[in-house]
Amino acid sequence: MKQIEAADAFDQIADFLELKGDNPFRIRAYRRAALNLRNLTEDLEGLIKSGSLETIPGVGKDLAAKIQEIVSTGRLKFLENLKKEIPESLSSLMTIPGIGPKTAKRVYDRFKVKSIQHLEDLVKAGKLRSLPGFQEKKEQNILRGIQLLKAGQERMLLGVAMALAGQFIKPLKGMPEVQRVSVAGSLRRCCETIGDLDILVTSKKPAKVMDRFVSLPLVAQVQAHGETKSSIRTAQGVQVDLRVVEPDAFGAALVYFTGSKAHNIRIRSLANRLGLTINEYGVFKLKGGRKVAGREEEDVYKTLGLPWIPPELREDLGELEAAAKGRLPRLVEMKDLKGDFHIHSDWSDGHHPIEDLARAAKAKGYRYMLLSDHSKSLRVAGGLTESELLEQMREVQKLNRRFQSFRILMGAEVDILPDGRMDYSDSLLAKLDLVIAAVHSAFKQPKEAMTRRVIQALTNRYVTILAHPTARLIGEREPIQLDMEEVCKVASRTGTALEINCYTQRLDLNDAHARQAKELGAKLVLSTDTHSLDQLNAIGLGLAMARRAWVEPKGLLNTLGLDDLLAWVSKKRNK
Ligand code: DGT
Ligand code: CA
Ligand code: CA
C-alpha cells in the first residue's frame with residue numbers, strides 16, 4: 001500500500017503548506033496528486049520499475065522523485081523538514097476531518113492543545129466558546145470530526161481492503177501446496193468498511209503455507225503463528241487472519257467465517273430444528289454425529305433446505321426467509337452492465353481527453369458512456385460556461401462519428417444551487433442527452449431546506465440522475481441532512497434515477513439507502529465519477545453496494561440498451 005503512504009504524505013505536505021500560507025496552486029497540486037494516488041489501480045512499484053510514474057495525472061518530475069523516495073526509503077526528507085517547523089500536536093489537529101489549518105492554528109495558539117484527546121476535552125467543557133465565532137454548531141462539527149477520525153482508524157474502505165487482500169491472495173495462490181483460496185468475513189460480504197481481512201485456504205501442508213504467509217513482505221508483526229490459524233499486522237496496523245482447513249470442510253468453514261454473525265446465528269438455530277448441528281467443520285446429525293455436508297457451501301445450505309445465498313446478502317435482513325420461499329433476487333452482475341454514467345474529461349477537472357475515455361469505456365465492453373463535466377458555478381473544478389458546453393457538444397458529435405457500436409452521451413454534472421435552481425437554464429439542459437444533478441455547496445443546510453432543494457431538482461423534467469445523493473465522504477465528511485424516504489418517493493414518481501457513486505470514499509447511496517430506494521420504486525444507476533482512466537474499474541465497488549441492496553438487473557439504468565435508455569429519458573421529459 002505504498003500508494004496510500006505517498007498520498008498521505010502529499011496531503012500532509014498540502015496541510016503544512018497551507019498552514020504556512022504557501023502558494024495555493026502548489027497546495028492544490030499536492031492534493032490532486034494525493035487523490036490520484038489513492039485511486040490508482042495500477043501497481044505503483046510496477047510504474048516505478050518501468051519509469052512511468054509521470055503517467056499518473058498530476059505527477060510531474062518533482063513529485064515523481066518524491067514518490068520514488070517514499071517507496072524506496074519509506075521516508076520523505078521534504079516532509080520531515082516541514083514537520084520540524086510545526087509543533088506535532090498542531091499537525092495532529094489537522095488530521096481531524098473538518099478542521100483545516102486555520103482552525104487548527106487558532107485553537108492551538110489559544111489553548112496550547114496537547115493532543116486530539118485534549119481538544120475533545122476542551123470542546124466538551126465548552127471552553128472553545130470563548131473564541132470569537134465558535135458557536136455550538138462549530139463545536140458539534142469538531143466532535144463529529146473526532147468521532148469520524150476514530151472510526152476511520154479502526155476500519156478501512158472496501159476498495160482499500162480489496163486491493164490489500166489481493167496482495168496476500170496472489171502469493172498464496174501461487175504456492176503448489178495450496179488448493180483453494182477465498183476471502184471471507186466482511187470483505188467477502190462487501191461491506192463498505194472492513195475491520196480485518198479474513199482469508200481461507202485448503203492445503204495438505206498447512207505448516208508450509210503458514211510459514212510463507214507470516215514472512216510475506218507486507219507483514220510487519222506476527223501475532224499468531226499456528227497450523228490452522230495465523231494472524232499478522234501490516235505496517236499500517238491492518239490485521240489479516242489466515243485459516244487453513246481440510247478440503248472437505250472448506251464449504252462449512254467458508255460459511256462460518258463469511259458470517260455475518262447474525263446470519264450464522266440464524267442458520268445454527270435452523271439446523272437445530274432440523275436435527276442437525278453446524279460449525280466450521282461441517283454439518284452433522286445431532287444423533288450419532290454423522291457428517292452430512294462440508295465440502296461446498298451449496299451442500300451446507302442444501303442440508304438446511306435452502307439454495308446457496310450470495311455473501312452480499314448474508315446479514316439477516318430477510319435473506320433466509322426469501323431463500324426458504326425460493327424468492328432470492330437474481331442479483332445484478334458485471335456482465336449485465338452496458339455503460340458508465342458519470343465521467344469527467346479534461347474539459348473540467350478530469351485528466352484525459354474525451355476520446356481516450358471513450359476508448360477505455362468501449363474496451364471495457366460498454367455500449368455507451370455519459371460524459372458529465374462540471375457546470376459553471378463549480379469554478380474550483382473547472383466548471384464549463386454555457387458556450388464551452390455548446391462547444392463540447394459539437395466535439396462530442398464529431399467524436400461519435402469515429403465510433404462504431406459505441407456512443408458518447410452528451411451530459412453534464414450540473415450543480416443544484418443552494419436555492420434549488422439548476423446551474424444551467426432549462427433551454428440549455430434540453431440540448432443534453434442526459435443531465436446529472438448534484439449538491440456541491442452549502443452542505444450544512446438544515447434537513448427541511450436541503451430536502452426541498454433536492455426535490456426541486458428532481459422535479460425538473462430535464463434532470464435524469466441525482467448524483468451522490470448524500471454527498472458523504474467516508475471518514476471525512478458527514479452526509480447532508482436529507483429526508484431520504486421523501487427523496488426516493490419523488491425520484492420514483494418523476495422517473496429520476498438515484499446514483500450509487502462507485503468512488504471508493506463515497507459509495508453513495510450506500511447499501512441501506514439503495515435498498516430503500518429500490519423498495520420505494522426508484523431506479524438506481526451505477527457510476528464511477530471517473531476523473532482518471534483507471535477509475536473506470538471502480539464500477540465493481542458500486543456493483544457490490546447494489547448487490548447488497550438486493551438490486552436486480554431491471555433496477556439499474558446501466559442494464560438498458562441505448563435505445564431503451566434514451567426512451568426512458570424522454571418519458572420524463574414529455575410527462
Ligand atoms: P469486520 O472484520 O469487523 O469487518 O467484520 P467480520 O464480519 O469480518 O468479522 P470478523 O473478522 O470478526 O469475523 C469473521 C467472520 O467469522 C464473522 O463474519 C462471523 C465469523 N465469526 C467470528 N467470530 C464469531 C463468533 O464468535 N461466532 C460466530 N458464530 N461467528 C463468528
Ligand atoms: Ca473481518
Ligand atoms: Ca477476523
# chains A, B, ... in the order shown; residues from 1 in each chain; ligands from 1
>>> residues_near_ligand(ligand="ligand 3", cutoff="10 Å", atoms="only C-alpha atoms and all ligand atoms", output="VMD selection string")
chain A and resid 184 to 186 194 to 199 231 239 to 243 257 to 258
>>> residues_near_ligand(ligand="ligand 1", cutoff="12 Å", atoms="only C-alpha atoms and all ligand atoms", output="JSON list (two decimals) with C-alpha atoms, in the first residue's frame")
[["chain", "number", "residue", "atom", "x", "y", "z"],
["A", 151, "ALA", "CA", -13.89, 5.30, 13.44],
["A", 154, "GLU", "CA", -10.45, 1.33, 13.14],
["A", 155, "ARG", "CA", -11.86, 0.34, 9.76],
["A", 156, "MET", "CA", -10.65, 0.66, 6.18],
["A", 157, "LEU", "CA", -12.50, 1.39, 2.96],
["A", 158, "LEU", "CA", -13.75, -1.57, 0.93],
["A", 161, "ALA", "CA", -9.24, -3.70, 1.64],
["A", 183, "VAL", "CA", -11.58, -14.26, 1.20],
["A", 184, "ALA", "CA", -14.20, -14.45, 3.94],
["A", 185, "GLY", "CA", -15.66, -12.09, 6.55],
["A", 186, "SER", "CA", -16.93, -8.59, 5.84],
["A", 187, "LEU", "CA", -14.69, -8.37, 2.77],
["A", 188, "ARG", "CA", -16.49, -11.25, 1.08],
["A", 189, "ARG", "CA", -19.84, -9.71, 2.04],
["A", 190, "CYS", "CA", -18.55, -6.45, 0.51],
["A", 191, "CYS", "CA", -19.33, -4.21, 3.47],
["A", 192, "GLU", "CA", -18.45, -0.56, 2.85],
["A", 193, "THR", "CA", -15.77, -0.61, 5.54],
["A", 194, "ILE", "CA", -13.68, -3.53, 6.72],
["A", 195, "GLY", "CA", -12.25, -4.23, 10.18],
["A", 196, "ASP", "CA", -9.79, -7.02, 9.47],
["A", 197, "LEU", "CA", -9.13, -9.29, 6.49],
["A", 198, "ASP", "CA", -10.10, -12.95, 6.69],
["A", 199, "ILE", "CA", -8.60, -15.43, 4.24],
["A", 200, "LEU", "CA", -9.27, -19.15, 3.95],
["A", 231, "SER", "CA", -2.67, -13.53, 12.33],
["A", 238, "VAL", "CA", -4.27, -3.81, 9.48],
["A", 239, "GLN", "CA", -4.87, -7.30, 10.83],
["A", 240, "VAL", "CA", -5.02, -10.26, 8.44],
["A", 241, "ASP", "CA", -6.25, -13.67, 9.63],
["A", 242, "LEU", "CA", -5.39, -16.76, 7.61],
["A", 243, "ARG", "CA", -7.04, -20.10, 8.27],
["A", 252, "ALA", "CA", -18.55, -25.14, 6.05],
["A", 253, "ALA", "CA", -15.58, -23.01, 7.06],
["A", 254, "LEU", "CA", -16.40, -20.52, 4.34],
["A", 255, "VAL", "CA", -19.98, -20.17, 5.55],
["A", 256, "TYR", "CA", -18.80, -19.83, 9.14],
["A", 257, "PHE", "CA", -16.08, -17.26, 8.54],
["A", 258, "THR", "CA", -18.01, -15.27, 5.96],
["A", 259, "GLY", "CA", -20.67, -14.51, 8.54],
["A", 260, "SER", "CA", -22.25, -12.27, 9.29],
["A", 261, "LYS", "CA", -22.54, -13.29, 12.87],
["A", 262, "ALA", "CA", -26.27, -12.56, 12.73],
["A", 263, "HIS", "CA", -26.68, -14.78, 9.66],
["A", 264, "ASN", "CA", -24.69, -17.57, 11.34],
["A", 265, "ILE", "CA", -26.82, -17.46, 14.46],
["A", 266, "ARG", "CA", -29.95, -17.87, 12.35],
["A", 267, "ILE", "CA", -28.65, -20.85, 10.36],
["A", 268, "ARG", "CA", -27.43, -22.56, 13.52],
["A", 269, "SER", "CA", -30.88, -22.50, 15.06],
["A", 278, "ILE", "CA", -23.46, -26.79, 12.11],
["A", 279, "ASN", "CA", -19.97, -25.46, 12.78],
["A", 280, "GLU", "CA", -16.83, -24.52, 10.85],
["A", 311, "PRO", "CA", -22.45, -13.50, 0.51],
["A", 312, "GLU", "CA", -23.57, -9.89, -0.01],
["A", 314, "ARG", "CA", -25.83, -12.65, 4.48],
["A", 315, "GLU", "CA", -26.81, -10.00, 7.03],
["A", 316, "ASP", "CA", -30.03, -11.49, 8.42]]
>>> select_by_dssp(residues="segment 280-435 of chain A", states="alpha helix (DSSP H)", output="ChimeraX atom specification")
/A:297-303,319-324,354-363,386-400,426-429
>>> atom_distance(atom1="atom CA of Thr494 of chain A", atom2="atom CA of Val454 of chain A")
12.8 Å
>>> residues_around(residues="Val463 of chain A", least_positions_apart="4", cutoff="10 Å", atoms="only C-alpha atoms", output="list in words")
Glu413, Val414, Met422, Asp426, Leu429, Ala430, Leu434, Val435, Ile436, Ala437, Ala457, Leu458, Thr459, Thr494, Gly495, Thr496, Ala497, Val569, Lys572 and Arg573 of chain A
